[in-house]
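Below: work16.txt (compact mmCIF, C-alpha atoms)
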```
# COMPACT_ATOMS: atom_id res chain seq x y z
CA MET W 213 80.52 116.86 79.80
CA ARG W 214 84.07 116.32 78.63
CA LYS W 215 84.90 118.11 75.38
CA VAL W 216 86.83 116.21 72.73
CA LYS W 217 88.50 118.68 70.38
CA VAL W 218 88.64 117.58 66.75
CA GLY W 219 90.99 118.50 63.93
CA ILE W 220 89.92 117.62 60.39
CA ILE W 221 92.42 117.13 57.57
CA GLY W 222 90.77 118.00 54.27
CA TYR W 223 87.58 119.83 53.37
CA GLY W 224 86.66 118.30 50.03
CA PHE W 225 83.42 116.43 49.38
CA SER W 226 83.97 113.90 52.16
CA GLY W 227 85.03 116.36 54.88
CA LYS W 228 82.40 118.94 53.99
CA THR W 229 79.49 116.53 53.44
CA PHE W 230 79.98 113.47 55.63
CA HIS W 231 82.25 114.38 58.53
CA ALA W 232 82.06 118.00 59.69
CA PRO W 233 78.22 118.24 59.64
CA ILE W 234 77.80 115.03 61.63
CA ILE W 235 80.59 115.85 64.10
CA GLN W 236 79.02 119.20 64.94
CA THR W 237 75.76 117.51 65.97
CA VAL W 238 77.37 115.10 68.45
CA GLU W 239 77.40 116.44 72.00
CA GLY W 240 80.90 116.49 73.40
CA LEU W 241 82.70 116.77 70.06
CA GLU W 242 84.02 120.19 69.06
CA ILE W 243 85.66 121.02 65.73
CA SER W 244 88.74 123.05 66.60
CA LYS W 245 90.82 123.22 63.40
CA ILE W 246 90.41 122.25 59.76
CA VAL W 247 93.32 121.83 57.34
CA SER W 248 92.28 123.26 53.98
CA SER W 249 93.72 125.29 51.13
CA ASN W 250 90.36 127.05 50.79
CA ALA W 251 89.78 128.97 54.02
CA LEU W 252 86.83 130.89 52.57
CA LYS W 253 84.95 127.66 51.84
CA VAL W 254 85.42 126.47 55.42
CA LYS W 255 84.57 129.84 56.99
CA GLU W 256 81.28 129.99 55.09
CA ASP W 257 80.19 126.87 56.94
CA TYR W 258 82.10 127.20 60.24
CA PRO W 259 83.07 130.81 60.90
CA GLY W 260 84.35 130.01 64.38
CA VAL W 261 86.73 127.23 63.34
CA GLN W 262 90.41 127.96 62.75
CA VAL W 263 91.60 127.09 59.26
CA VAL W 264 95.24 126.08 58.80
CA SER W 265 97.22 125.07 55.73
CA ASP W 266 99.68 122.61 57.29
CA VAL W 267 98.84 119.24 58.89
CA GLU W 268 101.66 119.75 61.38
CA GLN W 269 99.57 122.45 63.02
CA LEU W 270 97.15 119.69 64.05
CA PHE W 271 99.78 117.16 65.10
CA THR W 272 101.61 119.66 67.33
CA ASP W 273 98.49 121.20 68.92
CA PRO W 274 98.20 119.72 72.44
CA ALA W 275 94.55 120.78 72.66
CA ILE W 276 93.44 118.52 69.82
CA ASP W 277 92.35 115.05 70.93
CA LEU W 278 91.05 113.51 67.70
CA ILE W 279 92.22 113.86 64.10
CA VAL W 280 89.87 112.98 61.25
CA ILE W 281 91.53 112.22 57.89
CA THR W 282 89.35 112.93 54.83
CA THR W 283 92.09 113.43 52.21
CA PRO W 284 92.78 111.23 49.11
CA ASN W 285 93.49 107.54 49.73
CA THR W 286 97.21 107.90 48.97
CA THR W 287 97.63 110.04 52.12
CA HIS W 288 95.69 107.94 54.63
CA TYR W 289 98.55 105.79 55.87
CA ARG W 290 101.06 108.64 56.19
CA PHE W 291 98.72 111.05 57.96
CA ALA W 292 97.28 108.38 60.27
CA LYS W 293 100.75 107.25 61.30
CA GLN W 294 101.86 110.83 61.99
CA ALA W 295 98.72 111.54 63.99
CA LEU W 296 99.08 108.42 66.15
CA LEU W 297 102.76 109.08 66.83
CA SER W 298 101.76 112.62 67.83
CA GLY W 299 99.51 111.16 70.52
CA LYS W 300 96.17 111.71 68.81
CA HIS W 301 93.15 109.48 68.39
CA VAL W 302 92.40 108.90 64.70
CA VAL W 303 89.42 108.42 62.37
CA VAL W 304 90.24 107.62 58.75
CA GLU W 305 87.80 108.01 55.87
CA LYS W 306 87.24 104.73 54.06
CA PRO W 307 89.03 102.93 52.54
CA PHE W 308 91.33 102.57 55.53
CA VAL W 309 94.60 102.43 53.56
CA ILE W 310 95.77 101.01 50.22
CA HIS W 311 97.71 97.97 51.49
CA SER W 312 96.72 95.64 54.33
CA LYS W 313 100.28 95.64 55.71
CA GLU W 314 99.91 99.40 56.26
CA ALA W 315 96.69 98.76 58.19
CA GLN W 316 98.41 96.20 60.40
CA GLU W 317 101.20 98.65 61.19
CA LEU W 318 98.73 101.39 62.14
CA ILE W 319 96.80 99.02 64.39
CA GLU W 320 100.03 98.12 66.19
CA ILE W 321 101.06 101.78 66.57
CA ALA W 322 97.62 102.69 67.97
CA SER W 323 97.95 99.92 70.53
CA GLU W 324 101.45 101.05 71.52
CA GLN W 325 100.28 104.67 71.83
CA ASN W 326 97.10 103.64 73.70
CA LYS W 327 95.01 105.58 71.18
CA ILE W 328 91.94 104.59 69.20
CA ILE W 329 91.93 104.24 65.43
CA SER W 330 88.69 103.70 63.54
CA VAL W 331 87.52 103.87 59.93
CA TYR W 332 84.45 105.75 58.69
CA GLN W 333 82.45 102.86 57.24
CA ASN W 334 79.29 104.91 57.54
CA ARG W 335 77.24 102.63 55.27
CA ARG W 336 76.81 100.26 58.21
CA TRP W 337 74.22 102.83 59.33
CA ASP W 338 72.38 103.13 56.00
CA ASN W 339 68.66 102.65 56.55
CA ASP W 340 68.43 99.82 54.02
CA PHE W 341 71.42 97.96 55.43
CA LEU W 342 70.09 98.24 58.99
CA THR W 343 66.84 96.69 57.68
CA VAL W 344 68.72 93.89 55.93
CA LYS W 345 70.74 93.21 59.09
CA GLU W 346 67.60 92.98 61.20
CA CYS W 347 65.98 90.60 58.69
CA LEU W 348 69.00 88.32 58.73
CA GLU W 349 69.32 88.35 62.51
CA SER W 350 65.62 87.50 62.90
CA GLY W 351 66.03 84.30 60.89
CA VAL W 352 62.74 84.98 59.08
CA MET W 353 64.25 83.93 55.71
CA GLY W 354 65.76 80.77 57.14
CA GLU W 355 69.20 79.67 56.02
CA ILE W 356 70.61 82.19 53.54
CA TYR W 357 71.98 80.90 50.25
CA SER W 358 72.29 84.09 48.19
CA TYR W 359 73.04 87.69 49.19
CA GLU W 360 73.45 90.26 46.42
CA ALA W 361 74.19 93.95 46.91
CA HIS W 362 74.66 96.56 44.18
CA TYR W 363 76.09 100.05 44.18
CA ASP W 364 75.50 101.14 40.59
CA ARG W 365 75.80 104.54 38.93
CA PHE W 366 75.25 106.18 35.59
CA ARG W 367 78.52 108.02 34.99
CA PRO W 368 79.48 107.23 31.40
CA GLU W 369 82.03 110.04 31.17
CA VAL W 370 85.36 110.13 33.00
CA SER W 371 85.78 113.16 35.27
CA GLY W 372 88.88 114.89 36.59
CA ARG W 373 88.31 113.78 40.18
CA TRP W 374 91.30 112.19 41.93
CA ARG W 375 89.31 108.98 42.34
CA GLU W 376 89.37 108.57 38.57
CA GLN W 377 93.05 109.29 38.09
CA ASN W 378 95.76 106.67 37.68
CA LEU W 379 96.77 106.55 41.35
CA GLU W 380 97.15 103.74 43.84
CA GLY W 381 93.88 103.29 45.68
CA SER W 382 91.78 105.05 43.05
CA GLY W 383 88.87 103.49 41.22
CA MET W 384 85.50 101.98 42.03
CA LEU W 385 86.82 98.94 43.90
CA TYR W 386 88.45 101.00 46.66
CA ASP W 387 85.68 103.61 46.62
CA LEU W 388 82.33 101.82 46.49
CA GLY W 389 83.75 98.34 46.91
CA SER W 390 84.98 99.12 50.41
CA HIS W 391 81.39 99.87 51.44
CA LEU W 392 79.89 96.70 50.00
CA ILE W 393 82.72 94.49 51.28
CA ASP W 394 82.56 95.98 54.78
CA GLN W 395 78.81 95.37 54.94
CA ALA W 396 79.23 91.76 53.78
CA LEU W 397 82.00 91.00 56.27
CA HIS W 398 79.96 92.65 59.02
CA LEU W 399 77.10 90.25 58.28
CA PHE W 400 78.87 87.03 57.37
CA GLY W 401 82.48 87.26 58.57
CA LEU W 402 85.49 86.26 56.49
CA PRO W 403 84.84 84.15 53.37
CA GLU W 404 86.46 80.92 52.31
CA THR W 405 86.94 81.96 48.68
CA VAL W 406 87.09 85.16 46.64
CA PHE W 407 86.38 85.77 42.95
CA GLY W 408 86.74 89.15 41.29
CA ASP W 409 86.09 90.60 37.86
CA VAL W 410 87.45 94.16 37.81
CA MET W 411 87.92 96.37 34.78
CA ALA W 412 87.68 99.81 33.16
CA GLN W 413 84.69 99.90 30.83
CA ARG W 414 84.47 103.60 29.98
CA ASN W 415 86.38 105.24 27.15
CA ASP W 416 89.57 106.91 28.41
CA SER W 417 89.19 105.41 31.89
CA VAL W 418 92.56 104.87 33.57
CA THR W 419 91.19 103.12 36.66
CA ASP W 420 88.54 100.50 37.36
CA ASP W 421 84.91 101.56 37.01
CA TYR W 422 83.27 98.11 37.15
CA PHE W 423 83.54 95.19 39.52
CA HIS W 424 81.75 91.94 40.21
CA ILE W 425 82.77 90.08 43.37
CA VAL W 426 81.68 86.67 44.59
CA LEU W 427 82.56 85.68 48.15
CA GLY W 428 82.14 82.01 48.99
CA TYR W 429 80.87 80.75 52.36
CA GLY W 430 80.14 77.06 51.93
CA ARG W 431 76.86 76.96 49.96
CA LEU W 432 76.23 80.68 50.52
CA ARG W 433 77.27 83.07 47.77
CA VAL W 434 77.70 86.78 48.50
CA ILE W 435 77.63 88.85 45.29
CA LEU W 436 78.82 92.47 45.31
CA HIS W 437 78.51 94.49 42.13
CA SER W 438 79.06 97.99 40.78
CA GLY W 439 78.92 99.50 37.31
CA SER W 440 79.07 102.95 35.74
CA PHE W 441 76.56 102.43 32.92
CA VAL W 442 73.42 101.75 34.95
CA LYS W 443 70.77 104.26 33.92
CA SER W 444 67.92 102.30 35.45
CA ALA W 445 69.03 100.49 38.58
CA GLY W 446 67.74 97.13 39.71
CA PRO W 447 67.41 96.11 43.36
CA LYS W 448 70.00 97.40 45.81
CA PHE W 449 69.65 94.21 47.85
CA GLN W 450 68.43 90.73 46.90
CA ILE W 451 68.59 88.11 49.65
CA HIS W 452 67.28 84.56 49.31
CA GLY W 453 66.97 81.84 51.94
CA ASP W 454 65.19 78.52 52.28
CA LYS W 455 62.16 80.19 53.88
CA GLY W 456 61.90 83.43 51.95
CA SER W 457 63.39 86.43 50.17
CA PHE W 458 63.91 90.13 50.73
CA ILE W 459 64.16 92.58 47.79
CA LYS W 460 64.98 96.27 48.30
CA TYR W 461 65.23 99.08 45.74
CA GLY W 462 66.55 102.60 46.20
CA LEU W 463 69.38 104.25 48.16
CA ASP W 464 69.66 105.44 51.73
CA SER W 465 68.57 109.07 52.07
CA GLN W 466 71.24 110.45 54.43
CA GLU W 467 73.81 111.48 51.80
CA ASP W 468 71.14 113.41 49.89
CA SER W 469 69.94 115.01 53.14
CA LEU W 470 73.47 116.14 54.01
CA LYS W 471 73.89 117.66 50.54
CA ARG W 472 70.71 119.66 51.18
CA GLY W 473 71.86 120.86 54.57
CA LYS W 474 69.74 118.51 56.66
CA LEU W 475 71.22 117.09 59.86
CA PRO W 476 70.45 114.42 62.46
CA GLY W 477 67.39 115.55 64.38
CA ASP W 478 65.57 116.71 61.26
CA PRO W 479 62.16 114.98 60.95
CA ILE W 480 63.15 113.30 57.66
CA TRP W 481 66.65 112.29 58.79
CA GLY W 482 67.42 108.68 57.86
CA LYS W 483 63.86 108.03 56.69
CA ASP W 484 62.88 106.09 53.58
CA LEU W 485 60.04 106.74 51.16
CA GLU W 486 57.18 104.31 51.66
CA GLU W 487 57.25 103.35 47.99
CA SER W 488 60.88 102.29 48.47
CA TYR W 489 60.20 99.91 51.35
CA GLY W 490 61.59 96.45 50.65
CA GLU W 491 59.38 93.44 49.97
CA LEU W 492 59.64 90.41 52.23
CA SER W 493 58.28 87.10 50.95
CA VAL W 494 58.22 84.21 53.42
CA ASN W 495 56.63 80.80 53.79
CA VAL W 496 54.52 80.25 56.89
CA GLY W 497 53.35 76.67 56.82
CA ASP W 498 51.63 76.23 53.47
CA LEU W 499 51.13 79.98 53.07
CA LEU W 500 53.31 82.37 51.08
CA LEU W 501 53.15 85.79 52.70
CA LYS W 502 54.30 88.91 50.84
CA GLY W 503 54.41 92.40 52.19
CA LYS W 504 56.27 95.68 52.42
CA LEU W 505 58.72 95.93 55.30
CA GLU W 506 59.15 99.41 56.76
CA THR W 507 62.75 100.57 56.42
CA LYS W 508 64.57 101.24 59.65
CA THR W 509 65.85 104.77 60.27
CA GLY W 510 69.42 105.46 59.14
CA ALA W 511 71.86 106.84 61.69
CA TYR W 512 75.27 108.10 60.50
CA GLU W 513 75.55 110.02 63.75
CA SER W 514 75.92 106.68 65.57
CA PHE W 515 79.49 106.43 64.30
CA TYR W 516 80.71 109.67 65.89
CA LYS W 517 78.66 109.09 69.04
CA GLY W 518 80.53 105.82 69.30
CA ILE W 519 83.87 107.56 68.74
CA TYR W 520 83.13 109.99 71.56
CA GLU W 521 82.19 107.16 73.92
CA SER W 522 85.29 105.22 72.94
CA ILE W 523 87.56 108.16 73.79
CA THR W 524 85.80 109.25 76.99
CA GLU W 525 84.43 105.96 78.36
CA ASN W 526 86.84 103.42 76.86
CA LYS W 527 84.03 101.69 74.97
CA PRO W 528 84.78 99.69 71.78
CA VAL W 529 85.15 101.78 68.61
CA PRO W 530 82.12 101.71 66.28
CA VAL W 531 84.24 100.26 63.44
CA ASN W 532 87.15 98.12 64.52
CA ALA W 533 90.34 98.82 62.56
CA THR W 534 90.88 95.07 62.16
CA ASP W 535 87.53 94.87 60.33
CA ALA W 536 88.68 97.69 58.05
CA MET W 537 91.98 95.90 57.46
CA ASN W 538 90.09 92.76 56.46
CA THR W 539 88.18 94.81 53.88
CA ILE W 540 91.52 95.85 52.36
CA LYS W 541 92.66 92.22 52.38
CA ILE W 542 89.54 91.26 50.41
CA ILE W 543 90.22 94.08 47.92
CA GLU W 544 93.74 92.73 47.45
CA LEU W 545 92.38 89.22 46.82
CA VAL W 546 89.74 90.55 44.42
CA LYS W 547 92.49 92.22 42.41
CA LYS W 548 94.56 89.03 42.47
CA SER W 549 91.58 86.97 41.33
CA ALA W 550 90.84 89.39 38.49
CA GLN W 551 94.46 89.39 37.32
CA GLU W 552 94.81 85.62 37.47
CA LYS W 553 91.25 84.93 36.26
CA ARG W 554 90.52 82.37 38.95
CA VAL W 555 88.86 81.85 42.29
CA VAL W 556 91.35 82.34 45.15
CA SER W 557 91.24 81.13 48.74
CA TYR W 558 91.09 83.62 51.58
CA GLU W 559 94.56 83.81 53.06
```

How does the structure come out when it is put into structure tokens?
Amino acid sequence: MRKVKVGIIGYGFSGKTFHAPIIQTVEGLEISKIVSSNALKVKEDYPGVQVVSDVEQLFTDPAIDLIVITTPNTTHYRFAKQALLSGKHVVVEKPFVIHSKEAQELIEIASEQNKIISVYQNRRWDNDFLTVKECLESGVMGEIYSYEAHYDRFRPEVSGRWREQNLEGSGMLYDLGSHLIDQALHLFGLPETVFGDVMAQRNDSVTDDYFHIVLGYGRLRVILHSGSFVKSAGPKFQIHGDKGSFIKYGLDSQEDSLKRGKLPGDPIWGKDLEESYGELSVNVGDLLLKGKLETKTGAYESFYKGIYESITENKPVPVNATDAMNTIKIIELVKKSAQEKRVVSYE
């Protein structure tokens, strides 16, 4: 089996929790080097991996095939461009970049270099989202008129994390919003209209920590919401059609599993608690049927399996960079809508 050697830039929360553990479980992928200022932290987890302090040591290493960028959002464009021009395949942690014009440039460079570029929108493989997707594709709820997805937290105090500093690309909209927007576009495509309410609600917050987005598709409304003062969360998903509804509470389990050292292949990997199964209510003739719908199994590993197959077998990437660029375009329109206090058309 062909080995694809991987270099990872950054070993913060994202690199340590979401990327390196999954990569090491995918047959054919081999972590070769990690760029980090904390070699001890890396060596505790991967004693056989070389730790370097300079990204150039990845770009100039002819043995490295794929570079994974897990650094702060402000660096994504610069590092991805350097990696592509160095002849490497690239995976970028979401959000892709800060500006859609940067995304377009990277897509063009990847094409010119004949290299893949993909974005780690791992929430496409959340167990709850996979269940929602299957429900929608089955048509069991009929024509959909309302889709609502929340990603709420209870974080009333501002922390010192870079995501909460006054930097381009910081804040909840780029962080959690990129997940919810990507999922919505994956299901429904590009909207006709965009409305956004984005603000900082917490004391001393210098970046957005609340958003409410409404995407318009004819008579369908897609509502995406996140707040930082949600101690007791409501449903994660609420979907309503002319034949029925699906309501789902709780979060996908894979992030928590990764934090506890669990990996794909573990018996509980991607599983949901039975008490968290969503409720499907549908009309069948004159009958209203209600019941729990077993949650599908989550599969973050599918992303990196797809990356391997894309590099070695020329298959499509698991997340197309154009899709990721469209997510950034929606973020830009949400910000415009919030600033101008009006609904805007998708451009």

(request) Show which residues sit within 8 Å of region 361-375 of chain W, as a list of chain:residue names. Count all atoms listed in the file, and ignore same-chain residues fewer than 3 positions away. (result) W:Pro284, W:Leu379, W:Ser382, W:Gly383, W:Met384, W:Asp387, W:Leu388, W:Leu392, W:Arg414, W:Asn415, W:Asp416, W:Ser417, W:Ile435, W:Leu436, W:His437, W:Ser438, W:Gly439, W:Ser440, W:Phe441, W:Val442, W:Lys443, W:Ala445, W:Pro447, W:Lys448, W:Phe449, W:Gln450

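When CA of Thr229 (chain W) is paired with CA of Glu513 (chain W), their separation reads 12.8 Å.
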
(message) Between CA of Glu521 (chain W) and CA of Lys471 (chain W), what is the distance in Å, rounded to a tenth?
(response) 26.9 Å

(request) Using all atoms listed in the file, find all polymer residues with an atom at most 6 Å away from the point (73.4, 85.1, 50.8); report them as a list in words. (result)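 Answer for this query, in the requested form: Ile356, Tyr357, Ser358, Tyr359, Leu432, Arg433, Val434 and Ile451 of chain W.
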
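Using all atoms listed in the file, the shortest contact distance between Leu499 (chain W) and any of W:His398, W:Val556, W:Gly456, W:His301 is found at W:Gly456.
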
(request) Enter the distance from CA of Leu252 (chain W) to CA of Gln236 (chain W), in Å, rounded to one decimal. (result) 18.7 Å

(request) Can you pull out every residue within 8 Å of Ile329 (chain W), counting all atoms listed in the file, but drop anything in the same chain fewer than 5 positions away, and send it as a ChimeraX atom specification? (result) /W:301-304,319,322,529,532-533

(request) Would you mind listing what lies within 9 Å of Thr343 (chain W) as JSON, numbers by chain, with all atoms listed in the file counted and same-chain residues fewer than 5 positions away left out? (result) {"W": [338, 348, 490, 505, 506, 507, 508, 509]}

(request) Quick one: everything within 12 Å of region 538-543 of chain W, counting all atoms listed in the file, minus sequence neighbours fewer than 5 positions away in the same chain. Send it as an NGL selection string. (result) :W and (306-316 or 331 or 333 or 381 or 383-398 or 401-410 or 423-428 or 436 or 531-533 or 548-550 or 556-559)

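Between Lys502 (chain W) and the candidates W:Cys347, W:Val267, W:Ile459, W:Leu241, the tightest atom-to-atom separation, counting all atoms listed in the file, involves W:Ile459.
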
(message) Just checking: using only C-alpha atoms, which residue out of W:Asp535, W:Glu380, W:Asp277, W:Asp420 ends up closest to Leu399 (chain W)?
(response)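 Under the stated criterion, the closest residue is W:Asp535.
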
Is it possible to get the axis-aligned box enclosing region 441-452 of chain W (all listed atoms, 4 Å extra per side) as lines of an AutoDock Vina configuration file, with centre and edge lengths in Å rounded to one decimal?
```
center_x = 71.9
center_y = 94.4
center_z = 41.3
size_x = 17.3
size_y = 27.7
size_z = 24.7
```

(message) Considering all atoms listed in the file, can you say which of W:Lys245, W:Lys327, W:Lys253, W:Arg431 comes closest to Gly299 (chain W)?
(response)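 Of the candidates, the smallest distance to Gly299 (chain W) is held by W:Lys327.
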
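Of the listed residues W:Glu360, W:Glu242, W:Asp421, W:Asp257, the one whose atoms come nearest to Val344 (chain W) is W:Glu360, with distances taken using all atoms listed in the file.
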
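Checking W:Phe225, W:Met411, W:Gln377, W:Arg336 one by one against Val546 (chain W), counting all atoms listed in the file, you find the shortest gap at W:Met411.
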